[in-house]
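**Student:** Following this line is structure_20.txt, made up of compact mmCIF, C-alpha atoms:
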```txt
# COMPACT_ATOMS: atom_id res chain seq x y z
CA MET A 12 3.44 -42.29 3.42
CA SER A 13 5.33 -40.48 6.15
CA GLU A 14 3.46 -37.82 8.06
CA PHE A 15 3.66 -34.32 6.68
CA GLU A 16 6.24 -32.33 8.64
CA PRO A 17 5.58 -28.64 8.10
CA ILE A 18 8.15 -25.90 7.70
CA ILE A 19 7.24 -22.91 9.82
CA VAL A 20 9.37 -19.80 9.44
CA THR A 21 9.48 -17.96 12.74
CA PHE A 22 10.57 -14.35 12.84
CA ALA A 23 11.69 -14.06 16.44
CA CYS A 24 12.52 -10.79 18.17
CA HIS A 25 16.00 -10.64 19.69
CA TYR A 26 14.65 -9.21 22.96
CA CYS A 27 11.91 -11.72 23.69
CA ALA A 28 10.91 -14.65 21.48
CA TYR A 29 14.49 -15.50 20.54
CA GLY A 30 15.41 -15.53 24.23
CA ALA A 31 12.30 -17.61 24.93
CA ALA A 32 13.30 -20.11 22.25
CA ASP A 33 16.76 -20.30 23.79
CA LEU A 34 15.27 -20.80 27.22
CA ALA A 35 12.99 -23.55 25.89
CA GLY A 36 16.16 -25.33 24.79
CA VAL A 37 17.93 -24.78 28.12
CA MET A 38 14.83 -26.07 29.91
CA ARG A 39 14.97 -29.18 27.70
CA LEU A 40 11.40 -28.59 26.55
CA GLN A 41 10.24 -30.59 23.59
CA TYR A 42 8.76 -28.73 20.66
CA PRO A 43 8.28 -29.82 17.05
CA PRO A 44 11.26 -29.59 14.68
CA SER A 45 9.11 -27.70 12.16
CA ILE A 46 10.22 -24.30 13.47
CA ARG A 47 12.88 -22.40 11.50
CA ILE A 48 13.96 -19.35 13.44
CA VAL A 49 14.99 -16.08 11.81
CA LYS A 50 16.29 -13.70 14.46
CA VAL A 51 15.26 -10.08 13.94
CA PRO A 52 16.26 -7.05 16.02
CA CYS A 53 12.56 -6.31 16.57
CA THR A 54 9.36 -7.61 14.96
CA GLY A 55 8.94 -4.04 13.69
CA ARG A 56 11.72 -4.94 11.24
CA VAL A 57 9.63 -7.70 9.68
CA ASP A 58 8.24 -6.41 6.43
CA VAL A 59 5.35 -7.55 4.25
CA HIS A 60 7.99 -8.71 1.74
CA HIS A 61 9.72 -11.02 4.22
CA ILE A 62 6.50 -12.85 5.01
CA LEU A 63 5.36 -13.10 1.38
CA THR A 64 8.80 -14.36 0.32
CA ALA A 65 8.63 -17.10 2.95
CA PHE A 66 5.31 -18.31 1.56
CA GLU A 67 6.39 -17.95 -2.06
CA LYS A 68 9.46 -20.07 -1.36
CA GLY A 69 7.29 -22.77 0.15
CA ALA A 70 6.96 -22.19 3.90
CA ASP A 71 3.85 -23.90 5.21
CA GLY A 72 3.37 -21.35 7.94
CA VAL A 73 4.88 -18.17 9.32
CA ILE A 74 5.02 -17.03 12.92
CA VAL A 75 5.91 -13.49 13.90
CA ALA A 76 6.88 -13.65 17.58
CA GLY A 77 7.40 -10.40 19.42
CA CYS A 78 7.32 -8.85 22.84
CA ARG A 79 4.15 -8.45 24.82
CA ILE A 80 2.25 -5.25 23.99
CA GLY A 81 3.82 -2.44 25.99
CA ASP A 82 7.13 -4.27 26.40
CA CYS A 83 8.73 -3.55 23.00
CA HIS A 84 12.37 -2.54 23.37
CA PHE A 85 11.77 -0.01 20.60
CA LYS A 86 8.47 1.17 22.07
CA ASP A 87 5.99 0.07 19.41
CA GLY A 88 7.71 -2.27 16.92
CA ASN A 89 5.42 -5.14 17.91
CA ILE A 90 2.33 -2.98 17.31
CA LYS A 91 3.60 -2.11 13.82
CA ALA A 92 4.27 -5.81 13.22
CA THR A 93 0.73 -6.66 14.36
CA ARG A 94 -0.70 -4.28 11.75
CA ARG A 95 1.52 -5.72 9.03
CA VAL A 96 0.57 -9.27 9.95
CA GLN A 97 -3.10 -8.31 9.70
CA TYR A 98 -2.40 -6.78 6.28
CA VAL A 99 -0.54 -9.85 5.01
CA ARG A 100 -3.35 -12.11 6.26
CA LYS A 101 -5.64 -10.09 4.00
CA LEU A 102 -3.19 -10.53 1.09
CA LEU A 103 -3.00 -14.29 1.71
CA LYS A 104 -6.77 -14.48 1.42
CA GLU A 105 -6.62 -12.59 -1.90
CA ILE A 106 -3.96 -14.95 -3.17
CA GLY A 107 -5.97 -18.01 -2.17
CA LEU A 108 -3.81 -19.22 0.72
CA ASP A 109 -5.37 -19.83 4.12
CA GLU A 110 -4.79 -16.77 6.30
CA GLU A 111 -4.40 -19.05 9.32
CA ARG A 112 -0.99 -19.98 7.97
CA LEU A 113 0.27 -16.68 9.40
CA ASN A 114 0.05 -15.75 13.04
CA MET A 115 1.51 -13.24 15.45
CA TYR A 116 2.33 -14.24 19.02
CA TYR A 117 3.56 -12.24 22.00
CA MET A 118 5.84 -13.45 24.78
CA SER A 119 8.66 -12.37 27.05
CA SER A 120 12.18 -13.82 27.06
CA ALA A 121 11.34 -15.61 30.32
CA GLU A 122 8.59 -17.64 28.67
CA GLY A 123 10.41 -20.67 27.33
CA ALA A 124 7.36 -22.84 27.93
CA ARG A 125 5.18 -20.38 26.03
CA PHE A 126 7.48 -20.59 23.01
CA ALA A 127 7.28 -24.39 23.03
CA GLU A 128 3.51 -24.16 23.37
CA VAL A 129 3.23 -21.72 20.44
CA ALA A 130 5.45 -23.94 18.30
CA SER A 131 3.29 -26.99 19.02
CA GLU A 132 0.04 -25.09 18.55
CA MET A 133 1.08 -23.65 15.19
CA THR A 134 2.50 -26.98 14.01
CA GLU A 135 -0.80 -28.71 14.78
CA LYS A 136 -2.73 -25.97 12.99
CA ILE A 137 -0.53 -26.20 9.89
CA LYS A 138 -0.69 -29.99 9.90
CA SER A 139 -4.47 -29.75 9.75
CA LEU A 140 -4.25 -27.25 6.86
CA GLY A 141 -1.81 -29.43 4.93
CA PRO A 142 1.28 -28.38 2.98
CA ASN A 143 1.61 -24.99 1.30
CA PRO A 144 0.25 -25.68 -2.20
CA LEU A 145 3.06 -23.50 -3.59
CA ARG A 146 5.69 -25.88 -2.26
CA LYS A 147 7.29 -27.68 -5.17
CA GLU A 148 7.06 -31.16 -3.71
CA ALA A 149 3.61 -30.51 -2.21
CA LYS A 150 0.90 -32.88 -3.34
CA ARG A 151 -2.15 -31.13 -4.71
CA MET B 4 1.16 15.07 -4.70
CA ILE B 5 -1.09 12.65 -6.52
CA ILE B 6 -2.77 10.11 -4.26
CA ALA B 7 -3.83 6.76 -5.66
CA ASN B 8 -5.21 3.49 -4.38
CA ARG B 9 -4.46 0.00 -5.61
CA LYS B 10 -7.29 -1.63 -7.52
CA PRO B 11 -8.87 -4.72 -5.94
CA PHE B 12 -6.62 -7.75 -6.41
CA GLU B 13 -9.31 -9.71 -8.24
CA GLU B 14 -9.61 -6.94 -10.84
CA ILE B 15 -5.84 -6.82 -11.39
CA LYS B 16 -5.66 -10.62 -11.59
CA ALA B 17 -8.42 -10.66 -14.21
CA MET B 18 -6.61 -7.97 -16.25
CA VAL B 19 -3.37 -9.94 -16.42
CA ALA B 20 -5.08 -13.32 -16.85
CA PRO B 21 -4.35 -13.61 -20.60
CA PHE B 22 -0.61 -12.96 -20.17
CA ASN B 23 2.31 -15.14 -19.16
CA ARG B 24 5.07 -12.60 -18.78
CA ILE B 25 4.44 -9.10 -17.49
CA LEU B 26 6.41 -6.11 -16.29
CA VAL B 27 5.13 -4.64 -13.03
CA LEU B 28 6.27 -1.06 -13.32
CA GLY B 29 6.32 1.26 -10.32
CA CYS B 30 6.72 4.99 -10.17
CA GLY B 31 9.21 6.61 -7.81
CA THR B 32 7.45 9.89 -7.21
CA CYS B 33 3.92 10.57 -5.82
CA VAL B 34 2.68 6.98 -5.59
CA THR B 35 5.85 5.95 -3.79
CA VAL B 36 5.23 8.56 -1.11
CA ASP B 37 1.58 7.53 -0.70
CA PHE B 38 2.49 3.82 -0.55
CA SER B 39 0.36 2.76 -3.52
CA GLY B 40 2.76 2.22 -6.43
CA GLY B 41 6.38 2.45 -5.32
CA GLU B 42 9.14 -0.14 -5.44
CA LYS B 43 7.82 -1.90 -2.34
CA GLN B 44 4.26 -2.12 -3.64
CA VAL B 45 5.59 -3.43 -6.96
CA GLY B 46 7.32 -6.26 -5.09
CA ILE B 47 4.21 -7.08 -3.08
CA LEU B 48 1.84 -7.07 -6.06
CA ALA B 49 4.21 -9.10 -8.23
CA SER B 50 4.65 -11.66 -5.46
CA GLU B 51 0.88 -11.85 -4.89
CA LEU B 52 0.21 -12.35 -8.60
CA ARG B 53 2.90 -15.02 -8.95
CA MET B 54 1.52 -16.99 -6.03
CA ALA B 55 -2.13 -16.66 -7.12
CA ARG B 56 -1.27 -17.80 -10.64
CA GLN B 57 0.88 -20.64 -9.36
CA LEU B 58 -2.12 -21.86 -7.35
CA GLU B 59 -4.21 -21.78 -10.51
CA GLY B 60 -1.60 -23.89 -12.27
CA LYS B 61 -0.83 -21.14 -14.77
CA PRO B 62 2.47 -19.64 -13.61
CA LEU B 63 3.11 -15.99 -14.30
CA GLU B 64 6.56 -14.60 -14.93
CA THR B 65 7.05 -11.10 -13.62
CA LEU B 66 9.70 -8.47 -14.14
CA GLU B 67 9.78 -5.77 -11.47
CA TYR B 68 11.07 -2.30 -12.05
CA THR B 69 10.46 1.19 -10.76
CA VAL B 70 11.31 4.33 -12.69
CA GLN B 71 11.79 7.70 -11.05
CA ARG B 72 8.77 9.16 -12.85
CA GLN B 73 6.48 7.44 -15.32
CA CYS B 74 5.08 10.76 -16.52
CA GLU B 75 8.25 11.92 -18.30
CA TRP B 76 9.72 10.59 -21.51
CA GLU B 77 13.30 10.70 -20.27
CA PHE B 78 12.52 8.25 -17.48
CA ILE B 79 10.49 5.75 -19.51
CA ASP B 80 12.62 5.75 -22.65
CA PRO B 81 15.49 3.75 -21.10
CA ILE B 82 13.25 0.77 -20.28
CA ALA B 83 12.34 0.09 -23.94
CA GLU B 84 14.25 -3.20 -23.95
CA MET B 85 12.44 -4.45 -20.86
CA VAL B 86 9.04 -3.44 -22.26
CA ARG B 87 9.76 -5.25 -25.52
CA GLY B 88 10.36 -8.53 -23.70
CA VAL B 89 6.97 -8.79 -21.98
CA ASP B 90 3.37 -9.49 -23.05
CA ALA B 91 1.97 -6.54 -21.10
CA VAL B 92 2.99 -3.84 -18.66
CA LEU B 93 1.11 -3.51 -15.37
CA SER B 94 1.69 0.11 -14.46
CA MET B 95 1.56 1.14 -10.82
CA ALA B 96 1.66 4.84 -11.69
CA CYS B 97 -1.17 7.36 -11.65
CA GLY B 98 -3.30 7.80 -14.76
CA VAL B 99 -0.72 10.21 -16.17
CA GLY B 100 2.03 7.61 -15.99
CA VAL B 101 -0.14 4.89 -17.52
CA GLN B 102 -0.98 7.18 -20.45
CA ALA B 103 2.63 8.24 -20.90
CA MET B 104 3.61 4.56 -21.16
CA ALA B 105 0.74 3.83 -23.56
CA GLU B 106 1.79 6.74 -25.75
CA ARG B 107 5.50 5.89 -25.72
CA TYR B 108 4.93 2.18 -26.34
CA PRO B 109 1.92 2.17 -28.71
CA ASP B 110 2.20 -1.53 -29.57
CA LYS B 111 2.27 -2.69 -25.98
CA ILE B 112 -0.69 -3.40 -23.73
CA ILE B 113 -0.40 -1.10 -20.70
CA LEU B 114 -2.68 -1.93 -17.78
CA PRO B 115 -3.44 0.28 -14.77
CA ALA B 116 -2.99 -1.31 -11.34
CA LEU B 117 -4.08 1.81 -9.46
CA ASN B 118 -7.11 4.04 -9.25
CA THR B 119 -5.89 7.64 -9.25
CA VAL B 120 -7.93 9.43 -6.62
CA MET B 121 -6.87 12.98 -5.83
CA MET B 122 -4.27 15.66 -5.24
CA GLY B 123 -3.55 15.78 -1.56
CA MET B 124 -1.14 15.18 1.26
CA PRO B 125 -0.55 12.90 4.24
CA ILE B 126 -1.81 14.54 7.45
CA GLU B 127 -0.33 11.71 9.50
CA ALA B 128 1.34 8.40 8.67
CA GLY B 129 -1.12 6.45 6.54
CA VAL B 130 -3.83 9.13 6.31
CA PHE B 131 -4.18 11.07 3.07
CA VAL B 132 -6.55 13.95 2.40
CA GLU B 133 -7.60 15.95 -0.63
CA ARG B 134 -6.27 19.50 -0.74
CA CYS B 135 -6.41 20.75 -4.33
CA ALA B 136 -8.85 20.23 -7.17
CA GLY B 137 -6.70 21.82 -9.87
CA CYS B 138 -9.38 24.38 -10.71
CA GLY B 139 -6.91 26.58 -12.56
CA ASN B 140 -7.79 29.78 -10.70
CA CYS B 141 -6.58 29.74 -7.10
CA VAL B 142 -8.69 31.48 -4.45
CA LEU B 143 -6.58 30.58 -1.40
CA ALA B 144 -5.53 34.22 -0.89
CA ILE B 145 -9.06 35.17 0.09
CA THR B 146 -10.07 32.01 1.94
CA GLY B 147 -7.44 31.90 4.66
CA GLY B 148 -5.37 29.27 2.86
CA ILE B 149 -8.18 26.70 2.99
CA CYS B 150 -9.58 25.62 -0.37
CA PRO B 151 -13.36 25.71 -0.69
CA ILE B 152 -13.21 24.04 -4.10
CA ALA B 153 -11.41 20.91 -2.94
CA ARG B 154 -12.65 20.80 0.62
CA CYS B 155 -16.29 21.93 0.43
CA SER B 156 -18.57 19.18 -0.86
CA LYS B 157 -20.50 21.74 -2.89
CA ASN B 158 -17.44 23.77 -4.00
CA LEU B 159 -19.15 26.85 -2.60
CA LEU B 160 -17.42 30.18 -3.01
CA ASN B 161 -19.51 32.06 -0.45
CA GLY B 162 -20.28 29.49 2.21
CA PRO B 163 -21.09 27.89 4.49
CA CYS B 164 -24.38 26.38 3.41
CA GLY B 165 -27.26 25.31 5.66
CA GLY B 166 -25.85 21.80 5.86
CA SER B 167 -22.93 22.91 7.99
CA GLN B 168 -23.53 21.61 11.52
CA ASN B 169 -21.13 22.01 14.43
CA GLY B 170 -18.28 22.44 11.99
CA LYS B 171 -19.11 19.28 10.05
CA CYS B 172 -20.54 18.70 6.58
CA GLU B 173 -23.99 17.22 6.04
CA VAL B 174 -22.59 14.93 3.34
CA ASN B 175 -20.62 13.00 5.93
CA PRO B 176 -20.07 13.90 9.59
CA GLU B 177 -16.41 12.96 9.19
CA ILE B 178 -15.86 15.81 6.72
CA ASP B 179 -14.93 19.16 8.23
CA CYS B 180 -16.98 22.02 6.82
CA ALA B 181 -14.42 23.95 4.77
CA TRP B 182 -16.26 27.22 5.25
CA HIS B 183 -16.41 26.70 8.99
CA LEU B 184 -12.64 26.19 8.93
CA ILE B 185 -12.20 29.29 6.78
CA TYR B 186 -14.32 31.40 9.16
CA GLU B 187 -12.47 30.18 12.27
CA LYS B 188 -9.09 30.68 10.65
CA LEU B 189 -9.80 34.22 9.49
CA LYS B 190 -11.37 35.05 12.86
CA ALA B 191 -8.26 33.85 14.71
CA MET B 192 -6.14 35.97 12.39
CA GLY B 193 -8.35 39.03 12.83
CA ARG B 194 -9.06 39.05 9.11
CA LEU B 195 -12.83 38.46 9.08
CA ASN B 196 -13.22 41.59 6.94
CA VAL B 197 -11.92 39.49 4.02
CA LEU B 198 -15.24 37.63 4.06
CA MET B 199 -17.21 40.84 3.53
CA GLU B 200 -16.33 40.68 -0.10
CA ILE B 201 -18.61 38.48 -2.18
CA ILE B 202 -16.70 36.16 -4.49
CA GLU B 203 -18.10 36.42 -8.02
CA PRO B 204 -19.30 33.32 -9.89
CA LYS B 205 -16.24 31.30 -10.84
CA ASP B 206 -15.00 30.90 -14.37
CA TRP B 207 -14.79 27.11 -14.64
CA ARG B 208 -13.07 27.08 -18.02
CA PRO B 209 -9.56 26.89 -16.51
CA ALA B 210 -10.84 23.99 -14.36
CA GLY B 211 -11.38 21.85 -17.46
CA GLY B 212 -14.77 23.20 -18.45
CA GLY B 213 -13.16 24.39 -21.68
CA GLY B 214 -11.88 20.94 -22.58
CA PRO B 215 -8.52 19.30 -21.79
CA ARG B 216 -6.01 21.84 -20.58
CA LYS B 217 -2.64 22.62 -22.04
CA ILE B 218 0.10 24.98 -20.93
CA ILE B 219 2.80 26.25 -23.25
CA ARG B 220 5.84 28.02 -21.83
CA GLU B 221 7.50 29.62 -24.81
CA GLU B 222 10.58 30.60 -22.78
CA VAL B 223 11.55 26.99 -22.15
CA ARG B 224 10.64 25.42 -25.47
CA LEU B 225 13.50 24.02 -27.52
CA GLU B 226 11.90 24.09 -30.99
CA VAL B 227 12.75 27.16 -33.01
```
Output the structure of this file as structure tokens.
**Tutor:**
Amino acid sequence: MSEFEPIIVTFACHYCAYGAADLAGVMRLQYPPSIRIVKVPCTGRVDVHHILTAFEKGADGVIVAGCRIGDCHFKDGNIKATRRVQYVRKLLKEIGLDEERLNMYYMSSAEGARFAEVASEMTEKIKSLGPNPLRKEAKR
Amino acid sequence: MIIANRKPFEEIKAMVAPFNRILVLGCGTCVTVDFSGGEKQVGILASELRMARQLEGKPLETLEYTVQRQCEWEFIDPIAEMVRGVDAVLSMACGVGVQAMAERYPDKIILPALNTVMMGMPIEAGVFVERCAGCGNCVLAITGGICPIARCSKNLLNGPCGGSQNGKCEVNPEIDCAWHLIYEKLKAMGRLNVLMEIIEPKDWRPAGGGGPRKIIREEVRLEV
């Protein structure tokens, strides 16, 4: 059986994490192919619905990647996102999914290496948790 | 507006456990503004329920809809077709909306997803406080616009009581003493003389002490 390759939906802020992901590519840094990037204008735009929909449609993990606290282009979008992520982690627990499948990370657009590190770290974590049991082809 | 709170997820899940197809019905008025039962909360609850049931191997089909107001016939009549097609309706309205649905659709199981808590307002984003108890006989004119019925733990009419300490209530130090607020407000306005008048014992019949309340406005009735 081939090794489980997770799908991790990453909501990346245009002003930081998306730039960091781009930089990681330019720097030729290796990171797992599990990451699926959704560019958002700010993590403050990421709603509870977006994260739940990702899980319902079978994502094994979700990353919300925003600017460092204090660096948000829109002042406090990343703080709002942090609160929402905390809320959705609570919902995941209620549903019966491991809350560790969802995480928020902070980085600047200059941190290509950090993005690669986060991608690897989350991929390892999800691999240890196994596939999202809601995924159609997932083995129970 | 009416402020409500979503019931614990486990309780809601247990309520809908016997059903395979439900309508999660939101209300577009008070509970939308207080973020407990609007269109967004309908989507979140429906998604949560679908996933939880999927994990249990007993998939749940959900319809999601939000009417402008669940407490008026004209808004809940048009969804008759939708209601007919489901096993039960999970209402995310206040208790009034749930009862309106139960009365309009007597053959359908209508379940409440919220606990209706109070009449109040948001004092800042995400913080809601009680402001009116619906006592049926408003005293705000003589209490500086601060309600001692809704905001004093003892509903005192001639307060404060001995439990008022440094402007806080003895019931919970997070509660402001309503009578302290009233005194400070009237003092700032130079209207302390208002407090010289003793408020007579309150007639609690209009507050519900005389049974369920009903108001008839003859001038707007249509029946002849």
**Student:** Compute the chain A side of the contact with chain B at 10 Å, counting all atoms listed in the file, and hand it back as a list in words.
**Tutor:**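 Every residue of chain A that passes the 10 Å test is in Asp58, Val59, His60, His61, Leu63, Thr64, Phe66, Glu67, Lys68, Val99, Leu102, Leu103, Lys104, Glu105, Ile106, Gly107, Leu108, Asn143, Pro144, Leu145 and Arg151 of chain A.
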**Student:** Might you pull out every residue within 9 Å of region 83-87 of chain A, with only C-alpha atoms counted and same-chain residues fewer than 4 positions away left off, and present them as a list in words?
**Tutor:**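 Counting only the stated atoms, we get Tyr26, Cys27, Cys53, Gly55, Gly77, Cys78, Arg79, Lys91 and Ala92 of chain A.
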**Student:** Which distance in Å separates CA of Ala153 (chain B) and CA of Ile185 (chain B), to one decimal?
**Tutor:**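 Pair CA of Ala153 (chain B) / CA of Ile185 (chain B) returns 12.9 Å.
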**Student:** Counting all atoms listed in the file, figure out which residue out of A:Met115, A:Ala121, A:Ile62, A:Ala28 gets nearest to Ile90 (chain A).
**Tutor:**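 Using all atoms listed in the file, Ile90 (chain A) sits closest to A:Met115.
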**Student:** One number please: CA of Val120 (chain B) to CA of Asn8 (chain B), in Å, one decimal.
**Tutor:**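 These two atoms are separated by 6.9 Å.
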**Student:** I'd like the neighbourhood of Ser39 (chain B) as a list in words, where a residue qualifies if any of its atoms comes within 10 Å (using only C-alpha atoms), though same-chain residues fewer than 2 positions away should be ignored.
**Tutor:**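 Skipping anything fewer than 2 positions along the chain leaves Ile6, Ala7, Asn8, Arg9, Lys10, Gly29, Cys30, Cys33, Val34, Thr35, Val36, Asp37, Gly41, Glu42, Lys43, Gln44, Val45, Met95, Ala96, Cys97, Ala116, Leu117, Asn118 and Thr119 of chain B.
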**Student:** Those same residues - C-alpha atoms - I'd like them written as a PDB file, keeping the file's coordinate frame.
**Tutor:**
```pdb
ATOM      1  CA  ILE B   6      -2.770  10.110  -4.260  1.00  0.00           C
ATOM      2  CA  ALA B   7      -3.830   6.760  -5.660  1.00  0.00           C
ATOM      3  CA  ASN B   8      -5.210   3.490  -4.380  1.00  0.00           C
ATOM      4  CA  ARG B   9      -4.460   0.000  -5.610  1.00  0.00           C
ATOM      5  CA  LYS B  10      -7.290  -1.630  -7.520  1.00  0.00           C
ATOM      6  CA  GLY B  29       6.320   1.260 -10.320  1.00  0.00           C
ATOM      7  CA  CYS B  30       6.720   4.990 -10.170  1.00  0.00           C
ATOM      8  CA  CYS B  33       3.920  10.570  -5.820  1.00  0.00           C
ATOM      9  CA  VAL B  34       2.680   6.980  -5.590  1.00  0.00           C
ATOM     10  CA  THR B  35       5.850   5.950  -3.790  1.00  0.00           C
ATOM     11  CA  VAL B  36       5.230   8.560  -1.110  1.00  0.00           C
ATOM     12  CA  ASP B  37       1.580   7.530  -0.700  1.00  0.00           C
ATOM     13  CA  GLY B  41       6.380   2.450  -5.320  1.00  0.00           C
ATOM     14  CA  GLU B  42       9.140  -0.140  -5.440  1.00  0.00           C
ATOM     15  CA  LYS B  43       7.820  -1.900  -2.340  1.00  0.00           C
ATOM     16  CA  GLN B  44       4.260  -2.120  -3.640  1.00  0.00           C
ATOM     17  CA  VAL B  45       5.590  -3.430  -6.960  1.00  0.00           C
ATOM     18  CA  MET B  95       1.560   1.140 -10.820  1.00  0.00           C
ATOM     19  CA  ALA B  96       1.660   4.840 -11.690  1.00  0.00           C
ATOM     20  CA  CYS B  97      -1.170   7.360 -11.650  1.00  0.00           C
ATOM     21  CA  ALA B 116      -2.990  -1.310 -11.340  1.00  0.00           C
ATOM     22  CA  LEU B 117      -4.080   1.810  -9.460  1.00  0.00           C
ATOM     23  CA  ASN B 118      -7.110   4.040  -9.250  1.00  0.00           C
ATOM     24  CA  THR B 119      -5.890   7.640  -9.250  1.00  0.00           C
TER      25      THR B 119
END
```
**Student:** Just the residues within 7 Å of region 129-139 of chain A, please, counting all atoms listed in the file, with nothing from its chain fewer than 4 positions along; format it as a PyMOL selection string.
**Tutor:** chain A and resi 15+17+42-43+45-46+71-72+112+125
**Student:** Near Asp179 (chain B), within 10 Å and counting all atoms listed in the file, which residues show up once chain neighbours fewer than 2 positions away are dropped, as number ranges by chain?
**Tutor:** B: 154-156, 167-173, 175-177, 181-184
**Student:** Those residues you just picked out, can you put them in a file as a short mmCIF file (atom, residue, chain, number, x, y, z; two decimals), in the coordinates of the input with C-alpha atoms?
**Tutor:**
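Output saved as out00.cif:
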```cif
data_model
loop_
_atom_site.label_atom_id
_atom_site.label_comp_id
_atom_site.auth_asym_id
_atom_site.auth_seq_id
_atom_site.Cartn_x
_atom_site.Cartn_y
_atom_site.Cartn_z
CA ARG B 154 -12.65 20.80 0.62
CA CYS B 155 -16.29 21.93 0.43
CA SER B 156 -18.57 19.18 -0.86
CA SER B 167 -22.93 22.91 7.99
CA GLN B 168 -23.53 21.61 11.52
CA ASN B 169 -21.13 22.01 14.43
CA GLY B 170 -18.28 22.44 11.99
CA LYS B 171 -19.11 19.28 10.05
CA CYS B 172 -20.54 18.70 6.58
CA GLU B 173 -23.99 17.22 6.04
CA ASN B 175 -20.62 13.00 5.93
CA PRO B 176 -20.07 13.90 9.59
CA GLU B 177 -16.41 12.96 9.19
CA ALA B 181 -14.42 23.95 4.77
CA TRP B 182 -16.26 27.22 5.25
CA HIS B 183 -16.41 26.70 8.99
CA LEU B 184 -12.64 26.19 8.93
#
```
**Student:** Compare A:Ala65, A:Ala32, A:Ala70, A:Leu113 by their minimum atom-to-atom distance to Arg146 (chain A), counting all atoms listed in the file, and give me the closest one.
**Tutor:** A:Ala70
**Student:** Can you work out the spacing between CA of Asn23 (chain B) and CA of Glu64 (chain B) in Å, to one decimal?
**Tutor:**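 Spanning CA of Asn23 (chain B) to CA of Glu64 (chain B) is a straight-line distance of 6.0 Å.
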**Student:** Given only C-alpha atoms as the basis, pick out the residue of A:Glu122, A:Thr54, A:Gly36, A:Glu111 nearest to Arg94 (chain A).
**Tutor:**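 Among the listed residues, A:Thr54 lies closest to Arg94 (chain A).
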**Student:** Considering all atoms listed in the file, state which residue in the set A:Ile74, A:Leu140, A:Leu34, A:Ile48 is at the smallest distance from Val96 (chain A).
**Tutor:**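 The shortest atom-to-atom distance to Val96 (chain A) comes from A:Ile74.
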**Student:** Between A:Ile19, A:Val51, A:Ala31, A:Leu40, which is the closest to Met118 (chain A) once you count only C-alpha atoms?
**Tutor:** A:Ala31
**Student:** Please identify all polymer residues within 12 Å of region 218-226 of chain B, counting all atoms listed in the file, omitting same-chain residues fewer than 3 positions from it, and present them as a list in words.
**Tutor:**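 Final neighbour list, sorted by chain and number: Gly139, Pro209 and Pro215 of chain B.
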**Student:** Could you write out that same residue set with C-alpha atoms as a PDB file, in the coordinates of the input?
**Tutor:**
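Saved as again_15.pdb:
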```
ATOM      1  CA  GLY B 139      -6.910  26.580 -12.560  1.00  0.00           C
ATOM      2  CA  PRO B 209      -9.560  26.890 -16.510  1.00  0.00           C
ATOM      3  CA  PRO B 215      -8.520  19.300 -21.790  1.00  0.00           C
TER       4      PRO B 215
END
```
**Student:** Select, from A:Arg56, A:Tyr116, A:Ala127, A:Glu110, the residue with the minimum atom-to-atom distance to Arg39 (chain A), counting all atoms listed in the file.
**Tutor:**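 Closest to Arg39 (chain A), using all atoms listed in the file: A:Ala127.
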